[in-house]
file query_6.json (JSON, C-alpha atoms)
[["chain", "number", "residue", "atom", "x", "y", "z"],
["T", 1, "MET", "CA", 20.19, -6.44, -5.77],
["T", 2, "ALA", "CA", 22.36, -4.16, -7.91],
["T", 3, "ARG", "CA", 20.15, -4.76, -10.93],
["T", 4, "SER", "CA", 17.05, -3.85, -8.92],
["T", 5, "LEU", "CA", 18.65, -0.64, -7.67],
["T", 6, "LEU", "CA", 19.63, 0.32, -11.21],
["T", 7, "GLU", "CA", 16.10, -0.40, -12.47],
["T", 8, "MET", "CA", 14.63, 1.75, -9.70],
["T", 9, "GLU", "CA", 17.02, 4.57, -10.56],
["T", 10, "GLU", "CA", 16.06, 4.31, -14.21],
["T", 11, "THR", "CA", 12.37, 4.39, -13.27],
["T", 12, "PHE", "CA", 12.92, 7.48, -11.13],
["T", 13, "HIS", "CA", 14.64, 9.26, -14.02],
["T", 14, "LYS", "CA", 11.73, 8.29, -16.27],
["T", 15, "TYR", "CA", 9.24, 9.84, -13.81],
["T", 16, "LEU", "CA", 11.43, 12.93, -13.48],
["T", 17, "ASN", "CA", 11.72, 13.36, -17.26],
["T", 18, "GLN", "CA", 7.95, 13.06, -17.62],
["T", 19, "LEU", "CA", 7.59, 15.87, -15.10],
["T", 20, "ARG", "CA", 10.21, 17.98, -16.87],
["T", 21, "ASN", "CA", 8.48, 17.55, -20.22],
["T", 22, "VAL", "CA", 5.26, 19.11, -18.98],
["T", 23, "LYS", "CA", 4.78, 22.24, -21.05],
["T", 24, "GLY", "CA", 3.61, 25.44, -19.36],
["T", 25, "GLY", "CA", 0.80, 25.71, -16.92],
["T", 26, "ILE", "CA", 2.92, 25.49, -13.78],
["T", 27, "LEU", "CA", 1.82, 28.90, -12.55],
["T", 28, "ASP", "CA", -1.57, 28.90, -14.27],
["T", 29, "VAL", "CA", -4.20, 28.50, -11.55],
["T", 30, "LYS", "CA", -6.91, 27.45, -13.97],
["T", 31, "ASN", "CA", -4.80, 24.74, -15.64],
["T", 32, "THR", "CA", -4.91, 21.60, -13.47],
["T", 33, "SER", "CA", -2.77, 19.40, -15.72],
["T", 34, "TRP", "CA", 0.39, 20.40, -13.82],
["T", 35, "HIS", "CA", -1.10, 19.17, -10.56],
["T", 36, "GLU", "CA", -2.17, 15.91, -12.17],
["T", 37, "ASP", "CA", 1.31, 15.37, -13.60],
["T", 38, "PHE", "CA", 2.92, 16.21, -10.30],
["T", 39, "ASN", "CA", 0.59, 13.83, -8.44],
["T", 40, "ARG", "CA", 1.56, 11.07, -10.90],
["T", 41, "PHE", "CA", 5.22, 11.83, -10.12],
["T", 42, "ARG", "CA", 4.56, 11.68, -6.36],
["T", 43, "ALA", "CA", 2.71, 8.37, -6.73],
["T", 44, "GLY", "CA", 5.63, 7.00, -8.74],
["T", 45, "VAL", "CA", 8.09, 8.07, -6.03],
["T", 46, "LYS", "CA", 5.93, 6.37, -3.38],
["T", 47, "ASP", "CA", 5.95, 3.19, -5.47],
["T", 48, "LEU", "CA", 9.73, 3.42, -5.65],
["T", 49, "GLU", "CA", 9.88, 3.82, -1.86],
["T", 50, "VAL", "CA", 7.85, 0.64, -1.42],
["T", 51, "MET", "CA", 10.09, -1.16, -3.91],
["T", 52, "THR", "CA", 13.16, 0.03, -1.98],
["T", 53, "GLN", "CA", 11.69, -1.15, 1.31],
["T", 54, "ASN", "CA", 10.92, -4.55, -0.19],
["T", 55, "LEU", "CA", 14.41, -4.79, -1.66],
["T", 56, "MET", "CA", 15.95, -3.88, 1.68],
["T", 57, "SER", "CA", 13.87, -6.51, 3.47],
["T", 58, "SER", "CA", 14.71, -9.21, 0.94],
["T", 59, "ALA", "CA", 18.40, -8.31, 1.07],
["T", 60, "PHE", "CA", 18.41, -8.72, 4.85],
["T", 61, "GLU", "CA", 16.87, -12.19, 4.58],
["T", 62, "THR", "CA", 20.24, -13.47, 3.38],
["T", 63, "VAL", "CA", 22.28, -11.82, 6.14],
["T", 64, "LYS", "CA", 24.12, -14.37, 8.25],
["T", 65, "ASP", "CA", 26.61, -12.19, 10.10],
["T", 66, "VAL", "CA", 27.23, -8.61, 11.15],
["T", 67, "GLU", "CA", 29.67, -7.90, 8.32],
["T", 68, "GLN", "CA", 27.08, -8.69, 5.64],
["T", 69, "GLY", "CA", 24.48, -6.61, 7.48],
["T", 70, "VAL", "CA", 26.80, -3.61, 7.71],
["T", 71, "LYS", "CA", 27.51, -3.83, 3.98],
["T", 72, "ILE", "CA", 23.80, -3.84, 3.16],
["T", 73, "LEU", "CA", 23.12, -0.96, 5.55],
["T", 74, "ASP", "CA", 25.91, 0.95, 3.88],
["T", 75, "ILE", "CA", 24.28, 0.43, 0.49],
["T", 76, "PHE", "CA", 20.89, 1.76, 1.64],
["T", 77, "GLN", "CA", 22.11, 4.47, 4.01],
["T", 78, "HIS", "CA", 21.97, 7.29, 1.47],
["T", 79, "LEU", "CA", 18.31, 6.48, 0.73],
["T", 80, "SER", "CA", 17.26, 6.72, 4.37],
["T", 81, "SER", "CA", 16.43, 10.42, 4.16],
["T", 82, "ARG", "CA", 12.93, 9.42, 3.03],
["T", 83, "GLU", "CA", 10.75, 8.77, 6.08],
["T", 84, "ALA", "CA", 9.29, 5.44, 4.91],
["T", 85, "ILE", "CA", 12.72, 4.10, 3.97],
["T", 86, "LYS", "CA", 14.20, 5.42, 7.22],
["T", 87, "ARG", "CA", 11.72, 3.35, 9.25],
["T", 88, "THR", "CA", 12.76, 0.19, 7.40],
["T", 89, "PHE", "CA", 16.42, 1.19, 7.69],
["T", 90, "ASP", "CA", 16.05, 1.67, 11.46],
["T", 91, "LYS", "CA", 14.27, -1.67, 11.81],
["T", 92, "LYS", "CA", 17.04, -3.44, 9.90],
["T", 93, "THR", "CA", 19.64, -1.65, 12.04],
["T", 94, "VAL", "CA", 17.95, -2.99, 15.16],
["T", 95, "ASP", "CA", 17.88, -6.44, 13.55],
["T", 96, "LEU", "CA", 21.62, -6.12, 12.93],
["T", 97, "TYR", "CA", 22.25, -5.25, 16.56],
["T", 98, "MET", "CA", 20.11, -8.20, 17.62],
["T", 99, "LEU", "CA", 22.26, -10.44, 15.44],
["T", 100, "PHE", "CA", 25.34, -9.08, 17.19],
["T", 101, "ASN", "CA", 23.59, -9.49, 20.54],
["T", 102, "ARG", "CA", 22.94, -13.18, 19.76],
["T", 103, "GLU", "CA", 26.61, -13.62, 18.91],
["T", 104, "LEU", "CA", 27.56, -11.98, 22.20],
["T", 105, "ALA", "CA", 25.15, -14.27, 24.05],
["T", 106, "LEU", "CA", 26.74, -17.33, 22.41],
["T", 107, "VAL", "CA", 30.21, -16.12, 23.39],
["T", 108, "ASN", "CA", 28.99, -15.38, 26.91],
["T", 109, "LYS", "CA", 27.45, -18.86, 27.17],
["T", 110, "GLU", "CA", 30.69, -20.40, 25.97],
["T", 111, "LEU", "CA", 32.66, -18.24, 28.38],
["T", 112, "SER", "CA", 30.50, -19.24, 31.32],
["T", 113, "LYS", "CA", 31.46, -22.89, 30.87],
["T", 114, "LYS", "CA", 33.73, -23.80, 33.74],
["T", 115, "VAL", "CA", 35.76, -26.32, 31.75],
["T", 116, "PRO", "CA", 36.18, -25.57, 28.06],
["T", 117, "PHE", "CA", 37.13, -28.23, 25.57],
["T", 118, "LEU", "CA", 40.88, -28.15, 25.11],
["T", 119, "PRO", "CA", 42.82, -30.38, 22.73],
["T", 120, "PRO", "CA", 44.89, -32.96, 24.60],
["T", 121, "TYR", "CA", 48.17, -31.47, 23.40],
["T", 122, "MET", "CA", 47.52, -28.05, 25.01],
["T", 123, "CYS", "CA", 48.62, -27.13, 28.46],
["T", 124, "HIS", "CA", 45.81, -26.15, 30.79],
["T", 125, "TYR", "CA", 46.61, -22.46, 31.37],
["T", 126, "SER", "CA", 47.90, -21.67, 27.91],
["T", 127, "GLY", "CA", 44.94, -23.58, 26.46],
["T", 128, "MET", "CA", 42.53, -21.52, 28.59],
["T", 129, "ALA", "CA", 44.20, -18.31, 27.41],
["T", 130, "HIS", "CA", 44.02, -19.49, 23.81],
["T", 131, "TRP", "CA", 40.34, -20.37, 24.23],
["T", 132, "VAL", "CA", 39.41, -17.01, 25.76],
["T", 133, "ARG", "CA", 41.42, -15.14, 23.12],
["T", 134, "ALA", "CA", 39.57, -17.03, 20.39],
["T", 135, "LEU", "CA", 36.26, -16.04, 21.98],
["T", 136, "ARG", "CA", 37.35, -12.44, 22.05],
["T", 137, "ARG", "CA", 38.40, -12.51, 18.39],
["T", 138, "ARG", "CA", 34.99, -13.92, 17.56],
["T", 139, "ILE", "CA", 33.33, -10.69, 18.67],
["T", 140, "ASP", "CA", 36.09, -8.15, 17.98],
["T", 141, "LYS", "CA", 35.57, -7.78, 14.21],
["T", 142, "PRO", "CA", 31.76, -7.42, 14.36],
["T", 143, "MET", "CA", 32.15, -4.91, 17.19],
["T", 144, "GLN", "CA", 34.69, -2.91, 15.19],
["T", 145, "LEU", "CA", 32.37, -2.89, 12.19],
["T", 146, "LEU", "CA", 29.47, -1.65, 14.29],
["T", 147, "ASN", "CA", 31.62, 1.01, 15.91],
["T", 148, "ALA", "CA", 32.82, 2.16, 12.48],
["T", 149, "THR", "CA", 29.23, 2.58, 11.29],
["T", 150, "THR", "CA", 28.01, 4.68, 14.20],
["T", 151, "ARG", "CA", 27.59, 7.65, 11.88],
["T", 152, "TYR", "CA", 24.25, 6.22, 10.76],
["T", 153, "ILE", "CA", 23.35, 3.64, 13.38],
["T", 154, "VAL", "CA", 20.26, 4.53, 15.41],
["T", 155, "SER", "CA", 20.84, 5.63, 18.98],
["T", 156, "TYR", "CA", 18.09, 3.47, 20.47],
["T", 157, "SER", "CA", 19.67, 0.17, 19.52],
["T", 158, "PRO", "CA", 19.26, -2.69, 22.00],
["T", 159, "LEU", "CA", 23.01, -3.11, 22.33],
["T", 160, "SER", "CA", 24.74, 0.19, 21.81],
["T", 161, "PRO", "CA", 28.48, 0.32, 21.08],
["T", 162, "PRO", "CA", 29.24, 1.39, 24.69],
["T", 163, "ALA", "CA", 27.45, -1.71, 25.98],
["T", 164, "ALA", "CA", 29.47, -3.89, 23.61],
["T", 165, "ALA", "CA", 32.65, -2.19, 24.85],
["T", 166, "VAL", "CA", 31.69, -2.98, 28.46],
["T", 167, "PHE", "CA", 31.20, -6.63, 27.51],
["T", 168, "SER", "CA", 34.58, -6.62, 25.77],
["T", 169, "LEU", "CA", 36.19, -5.14, 28.88],
["T", 170, "GLU", "CA", 34.60, -7.84, 31.05],
["T", 171, "LEU", "CA", 35.89, -10.49, 28.64],
["T", 172, "THR", "CA", 39.38, -9.01, 28.90],
["T", 173, "HIS", "CA", 39.18, -9.03, 32.69],
["T", 174, "HIS", "CA", 38.10, -12.65, 32.65],
["T", 175, "MET", "CA", 40.86, -13.52, 30.19],
["T", 176, "PHE", "CA", 43.60, -12.05, 32.34],
["T", 177, "GLY", "CA", 42.03, -12.89, 35.69],
["T", 178, "ILE", "CA", 41.65, -9.25, 36.73],
["T", 179, "LYS", "CA", 39.36, -8.76, 39.68],
["T", 180, "GLN", "CA", 37.00, -5.85, 39.24],
["T", 181, "SER", "CA", 36.79, -3.46, 42.15],
["T", 182, "SER", "CA", 33.37, -2.55, 43.42],
["T", 183, "GLY", "CA", 34.39, 1.08, 43.75],
["T", 184, "LYS", "CA", 34.07, 0.94, 47.53],
["T", 185, "PRO", "CA", 37.17, 1.51, 49.70]]

call {"tool": "encode", "arguments": {"input": "query_6.json", "output": "structure tokens"}}
result
Amino acid sequence: MARSLLEMEETFHKYLNQLRNVKGGILDVKNTSWHEDFNRFRAGVKDLEVMTQNLMSSAFETVKDVEQGVKILDIFQHLSSREAIKRTFDKKTVDLYMLFNRELALVNKELSKKVPFLPPYMCHYSGMAHWVRALRRRIDKPMQLLNATTRYIVSYSPLSPPAAAVFSLELTHHMFGIKQSSGKP
């Protein structure tokens, strides 16, 4: 991935140098060579955008957890000012939230089991507390990573950080046996 990014940067500099080396004619209305050179530059930049989108998509094919996804988003974040790249960036951000949502669903499914598997050497109540704490740790780090990246995460994500915080609060209540009040006196 790094090699591809460096090659794309080198290609961009090549296109930019070709545009810089155009002699005169920028303000000459009758000379159309400037417009042709500039259109070649624009076409090259569009090709680089497509290459970046393809690289971003192929990089996300290897993502297995939220941490890897956040690292890849961090790499491509500075390129997301271009509209075409921003669309792909937003799509991959939503995919990242869906990955986190699947992890939350797995933890929720595990949590909804009435009798978890406990090793025979563990006491019932301390074993339950250990089990619930392990479930919480399973989602804490990905949630912290997502919260730390909110500076460029899209606001229309399927599971926003506040929703993840509510789930974490519910998990804490379940872990400590806190009854939630309905808000009615």

call {"tool": "closest_residue", "arguments": {"input": "query_6.json", "among": "T:Phe89, T:Val29, T:Ser126, T:Phe38", "to": "Met56 of chain T", "atoms": "only C-alpha atoms"}}
result
T:Phe89

call {"tool": "atom_distance", "arguments": {"input": "query_6.json", "atom1": "atom CA of Ala84 of chain T", "atom2": "atom CA of Lys14 of chain T"}}
result
21.5 Å

call {"tool": "closest_residue", "arguments": {"input": "query_6.json", "among": "T:Asp74, T:Asp65, T:Glu110, T:Glu49", "to": "Met98 of chain T", "atoms": "all atoms listed in the file"}}
result
T:Asp65

call {"tool": "residues_near_point", "arguments": {"input": "query_6.json", "point": "(28.9, -12.7, 18.1)", "cutoff": "10 Å", "atoms": "only C-alpha atoms", "output": "list in words"}}
result
Asp65, Val66, Met98, Leu99, Phe100, Asn101, Arg102, Glu103, Leu104, Ala105, Leu106, Val107, Asn108, Leu135, Arg136, Arg137, Arg138, Ile139, Asp140, Lys141, Pro142 and Met143 of chain T

call {"tool": "write_last_selection", "arguments": {"input": "query_6.json", "atoms": "C-alpha atoms", "output": "PDB file, keeping the file's coordinate frame"}}
result
ATOM      1  CA  ASP T  65      26.610 -12.190  10.100  1.00  0.00           C
ATOM      2  CA  VAL T  66      27.230  -8.610  11.150  1.00  0.00           C
ATOM      3  CA  MET T  98      20.110  -8.200  17.620  1.00  0.00           C
ATOM      4  CA  LEU T  99      22.260 -10.440  15.440  1.00  0.00           C
ATOM      5  CA  PHE T 100      25.340  -9.080  17.190  1.00  0.00           C
ATOM      6  CA  ASN T 101      23.590  -9.490  20.540  1.00  0.00           C
ATOM      7  CA  ARG T 102      22.940 -13.180  19.760  1.00  0.00           C
ATOM      8  CA  GLU T 103      26.610 -13.620  18.910  1.00  0.00           C
ATOM      9  CA  LEU T 104      27.560 -11.980  22.200  1.00  0.00           C
ATOM     10  CA  ALA T 105      25.150 -14.270  24.050  1.00  0.00           C
ATOM     11  CA  LEU T 106      26.740 -17.330  22.410  1.00  0.00           C
ATOM     12  CA  VAL T 107      30.210 -16.120  23.390  1.00  0.00           C
ATOM     13  CA  ASN T 108      28.990 -15.380  26.910  1.00  0.00           C
ATOM     14  CA  LEU T 135      36.260 -16.040  21.980  1.00  0.00           C
ATOM     15  CA  ARG T 136      37.350 -12.440  22.050  1.00  0.00           C
ATOM     16  CA  ARG T 137      38.400 -12.510  18.390  1.00  0.00           C
ATOM     17  CA  ARG T 138      34.990 -13.920  17.560  1.00  0.00           C
ATOM     18  CA  ILE T 139      33.330 -10.690  18.670  1.00  0.00           C
ATOM     19  CA  ASP T 140      36.090  -8.150  17.980  1.00  0.00           C
ATOM     20  CA  LYS T 141      35.570  -7.780  14.210  1.00  0.00           C
ATOM     21  CA  PRO T 142      31.760  -7.420  14.360  1.00  0.00           C
ATOM     22  CA  MET T 143      32.150  -4.910  17.190  1.00  0.00           C
TER      23      MET T 143
END

call {"tool": "closest_residue", "arguments": {"input": "query_6.json", "among": "T:Glu9, T:Val94, T:Phe117, T:Asp37", "to": "Gly25 of chain T", "atoms": "all atoms listed in the file"}}
result
T:Asp37

call {"tool": "residues_around", "arguments": {"input": "query_6.json", "residues": "Lys46 of chain T", "least_positions_apart": "5", "cutoff": "12 Å", "atoms": "all atoms listed in the file", "output": "ChimeraX atom specification"}}
result
/T:8,11-12,15,39-41,51-53,82-85

call {"tool": "atom_distance", "arguments": {"input": "query_6.json", "atom1": "atom CA of Gly44 of chain T", "atom2": "atom CA of Asn17 of chain T"}}
result
12.3 Å

call {"tool": "atom_distance", "arguments": {"input": "query_6.json", "atom1": "atom CA of Ser57 of chain T", "atom2": "atom CA of Lys92 of chain T"}}
result
7.8 Å

call {"tool": "closest_residue", "arguments": {"input": "query_6.json", "among": "T:His130, T:Arg87, T:Lys113, T:Arg3", "to": "Val50 of chain T", "atoms": "all atoms listed in the file"}}
result
T:Arg87

call {"tool": "axis_aligned_box", "arguments": {"input": "query_6.json", "around": "segment 33-40 of chain T", "padding_each_side": "3 Å", "output": "lines of an AutoDock Vina configuration file"}}
result
center_x = 0.1
center_y = 15.7
center_z = -12.1
size_x = 11.7
size_y = 15.3
size_z = 13.3

call {"tool": "residues_around", "arguments": {"input": "query_6.json", "residues": "segment 75-77 of chain T", "least_positions_apart": "3", "cutoff": "12 Å", "atoms": "only C-alpha atoms", "output": "number ranges by chain"}}
result
T: 1-2, 5, 49, 52-57, 59-60, 68-72, 80-82, 85-90, 92-93, 149-154

call {"tool": "closest_residue", "arguments": {"input": "query_6.json", "among": "T:Leu118, T:Val22, T:Leu27, T:Leu48", "to": "Glu7 of chain T", "atoms": "only C-alpha atoms"}}
result
T:Leu48

call {"tool": "build_atoms", "arguments": {"input": "query_6.json", "residues": "segment 76-87 of chain T", "atoms": "all heavy atoms", "output": "PDB file, in the coordinates of the input"}}
result
ATOM      1  N   PHE T  76      22.171   1.068   1.561  1.00  0.00           N
ATOM      2  CA  PHE T  76      20.890   1.760   1.640  1.00  0.00           C
ATOM      3  C   PHE T  76      20.925   3.024   2.486  1.00  0.00           C
ATOM      4  O   PHE T  76      19.925   3.726   2.563  1.00  0.00           O
ATOM      5  CB  PHE T  76      19.819   0.812   2.199  1.00  0.00           C
ATOM      6  CG  PHE T  76      19.420  -0.261   1.232  1.00  0.00           C
ATOM      7  CD1 PHE T  76      19.889  -1.551   1.378  1.00  0.00           C
ATOM      8  CD2 PHE T  76      18.583   0.019   0.174  1.00  0.00           C
ATOM      9  CE1 PHE T  76      19.525  -2.542   0.493  1.00  0.00           C
ATOM     10  CE2 PHE T  76      18.214  -0.962  -0.727  1.00  0.00           C
ATOM     11  CZ  PHE T  76      18.686  -2.251  -0.569  1.00  0.00           C
ATOM     12  N   GLN T  77      22.038   3.334   3.094  1.00  0.00           N
ATOM     13  CA  GLN T  77      22.110   4.470   4.010  1.00  0.00           C
ATOM     14  C   GLN T  77      21.753   5.782   3.338  1.00  0.00           C
ATOM     15  O   GLN T  77      21.028   6.594   3.902  1.00  0.00           O
ATOM     16  CB  GLN T  77      23.508   4.528   4.632  1.00  0.00           C
ATOM     17  CG  GLN T  77      23.674   5.561   5.699  1.00  0.00           C
ATOM     18  CD  GLN T  77      24.084   6.907   5.176  1.00  0.00           C
ATOM     19  OE1 GLN T  77      24.766   6.998   4.166  1.00  0.00           O
ATOM     20  NE2 GLN T  77      23.673   7.944   5.841  1.00  0.00           N
ATOM     21  N   HIS T  78      22.230   6.010   2.132  1.00  0.00           N
ATOM     22  CA  HIS T  78      21.970   7.290   1.470  1.00  0.00           C
ATOM     23  C   HIS T  78      20.503   7.463   1.079  1.00  0.00           C
ATOM     24  O   HIS T  78      20.061   8.571   0.805  1.00  0.00           O
ATOM     25  CB  HIS T  78      22.881   7.464   0.248  1.00  0.00           C
ATOM     26  CG  HIS T  78      22.544   6.560  -0.890  1.00  0.00           C
ATOM     27  ND1 HIS T  78      22.902   5.224  -0.916  1.00  0.00           N
ATOM     28  CD2 HIS T  78      21.877   6.796  -2.037  1.00  0.00           C
ATOM     29  CE1 HIS T  78      22.462   4.679  -2.034  1.00  0.00           C
ATOM     30  NE2 HIS T  78      21.847   5.609  -2.733  1.00  0.00           N
ATOM     31  N   LEU T  79      19.736   6.386   1.053  1.00  0.00           N
ATOM     32  CA  LEU T  79      18.310   6.480   0.730  1.00  0.00           C
ATOM     33  C   LEU T  79      17.448   6.708   1.966  1.00  0.00           C
ATOM     34  O   LEU T  79      16.242   6.914   1.844  1.00  0.00           O
ATOM     35  CB  LEU T  79      17.859   5.187   0.032  1.00  0.00           C
ATOM     36  CG  LEU T  79      18.531   4.862  -1.295  1.00  0.00           C
ATOM     37  CD1 LEU T  79      18.123   3.482  -1.773  1.00  0.00           C
ATOM     38  CD2 LEU T  79      18.206   5.914  -2.333  1.00  0.00           C
ATOM     39  N   SER T  80      18.062   6.672   3.138  1.00  0.00           N
ATOM     40  CA  SER T  80      17.260   6.720   4.370  1.00  0.00           C
ATOM     41  C   SER T  80      16.798   8.124   4.743  1.00  0.00           C
ATOM     42  O   SER T  80      16.266   8.323   5.823  1.00  0.00           O
ATOM     43  CB  SER T  80      18.060   6.116   5.532  1.00  0.00           C
ATOM     44  OG  SER T  80      19.180   6.895   5.826  1.00  0.00           O
ATOM     45  N   SER T  81      16.964   9.087   3.861  1.00  0.00           N
ATOM     46  CA  SER T  81      16.430  10.420   4.160  1.00  0.00           C
ATOM     47  C   SER T  81      14.915  10.447   3.964  1.00  0.00           C
ATOM     48  O   SER T  81      14.237  11.291   4.551  1.00  0.00           O
ATOM     49  CB  SER T  81      17.097  11.461   3.268  1.00  0.00           C
ATOM     50  OG  SER T  81      16.851  11.176   1.911  1.00  0.00           O
ATOM     51  N   ARG T  82      14.380   9.541   3.191  1.00  0.00           N
ATOM     52  CA  ARG T  82      12.930   9.420   3.030  1.00  0.00           C
ATOM     53  C   ARG T  82      12.365   8.721   4.264  1.00  0.00           C
ATOM     54  O   ARG T  82      12.894   7.719   4.726  1.00  0.00           O
ATOM     55  CB  ARG T  82      12.587   8.607   1.776  1.00  0.00           C
ATOM     56  CG  ARG T  82      13.160   9.138   0.482  1.00  0.00           C
ATOM     57  CD  ARG T  82      12.478  10.326  -0.032  1.00  0.00           C
ATOM     58  NE  ARG T  82      11.078  10.056  -0.302  1.00  0.00           N
ATOM     59  CZ  ARG T  82      10.256  10.970  -0.760  1.00  0.00           C
ATOM     60  NH1 ARG T  82      10.680  12.183  -1.001  1.00  0.00           N
ATOM     61  NH2 ARG T  82       8.999  10.668  -0.985  1.00  0.00           N
ATOM     62  N   GLU T  83      11.274   9.245   4.793  1.00  0.00           N
ATOM     63  CA  GLU T  83      10.750   8.770   6.080  1.00  0.00           C
ATOM     64  C   GLU T  83      10.367   7.284   6.039  1.00  0.00           C
ATOM     65  O   GLU T  83      10.689   6.539   6.959  1.00  0.00           O
ATOM     66  CB  GLU T  83       9.532   9.617   6.484  1.00  0.00           C
ATOM     67  CG  GLU T  83       9.043   9.340   7.872  1.00  0.00           C
ATOM     68  CD  GLU T  83      10.096   9.580   8.957  1.00  0.00           C
ATOM     69  OE1 GLU T  83      10.869  10.549   8.845  1.00  0.00           O
ATOM     70  OE2 GLU T  83      10.145   8.781   9.909  1.00  0.00           O
ATOM     71  N   ALA T  84       9.707   6.849   4.987  1.00  0.00           N
ATOM     72  CA  ALA T  84       9.290   5.440   4.910  1.00  0.00           C
ATOM     73  C   ALA T  84      10.504   4.514   4.849  1.00  0.00           C
ATOM     74  O   ALA T  84      10.534   3.463   5.490  1.00  0.00           O
ATOM     75  CB  ALA T  84       8.401   5.230   3.689  1.00  0.00           C
ATOM     76  N   ILE T  85      11.505   4.918   4.088  1.00  0.00           N
ATOM     77  CA  ILE T  85      12.720   4.100   3.970  1.00  0.00           C
ATOM     78  C   ILE T  85      13.502   4.144   5.272  1.00  0.00           C
ATOM     79  O   ILE T  85      14.086   3.148   5.695  1.00  0.00           O
ATOM     80  CB  ILE T  85      13.562   4.566   2.768  1.00  0.00           C
ATOM     81  CG1 ILE T  85      12.774   4.332   1.480  1.00  0.00           C
ATOM     82  CG2 ILE T  85      14.888   3.833   2.716  1.00  0.00           C
ATOM     83  CD1 ILE T  85      13.415   4.896   0.243  1.00  0.00           C
ATOM     84  N   LYS T  86      13.490   5.284   5.945  1.00  0.00           N
ATOM     85  CA  LYS T  86      14.200   5.420   7.220  1.00  0.00           C
ATOM     86  C   LYS T  86      13.635   4.460   8.264  1.00  0.00           C
ATOM     87  O   LYS T  86      14.385   3.867   9.028  1.00  0.00           O
ATOM     88  CB  LYS T  86      14.149   6.857   7.722  1.00  0.00           C
ATOM     89  CG  LYS T  86      14.914   7.055   9.014  1.00  0.00           C
ATOM     90  CD  LYS T  86      15.084   8.507   9.334  1.00  0.00           C
ATOM     91  CE  LYS T  86      15.801   8.769  10.624  1.00  0.00           C
ATOM     92  NZ  LYS T  86      16.887   7.897  10.948  1.00  0.00           N
ATOM     93  N   ARG T  87      12.325   4.297   8.298  1.00  0.00           N
ATOM     94  CA  ARG T  87      11.720   3.350   9.250  1.00  0.00           C
ATOM     95  C   ARG T  87      12.223   1.936   9.001  1.00  0.00           C
ATOM     96  O   ARG T  87      12.582   1.220   9.932  1.00  0.00           O
ATOM     97  CB  ARG T  87      10.198   3.412   9.156  1.00  0.00           C
ATOM     98  CG  ARG T  87       9.577   4.607   9.837  1.00  0.00           C
ATOM     99  CD  ARG T  87       8.072   4.453   9.965  1.00  0.00           C
ATOM    100  NE  ARG T  87       7.393   4.192   8.703  1.00  0.00           N
ATOM    101  CZ  ARG T  87       6.916   5.136   7.890  1.00  0.00           C
ATOM    102  NH1 ARG T  87       7.054   6.395   8.205  1.00  0.00           N
ATOM    103  NH2 ARG T  87       6.320   4.806   6.764  1.00  0.00           N
TER     104      ARG T  87
END
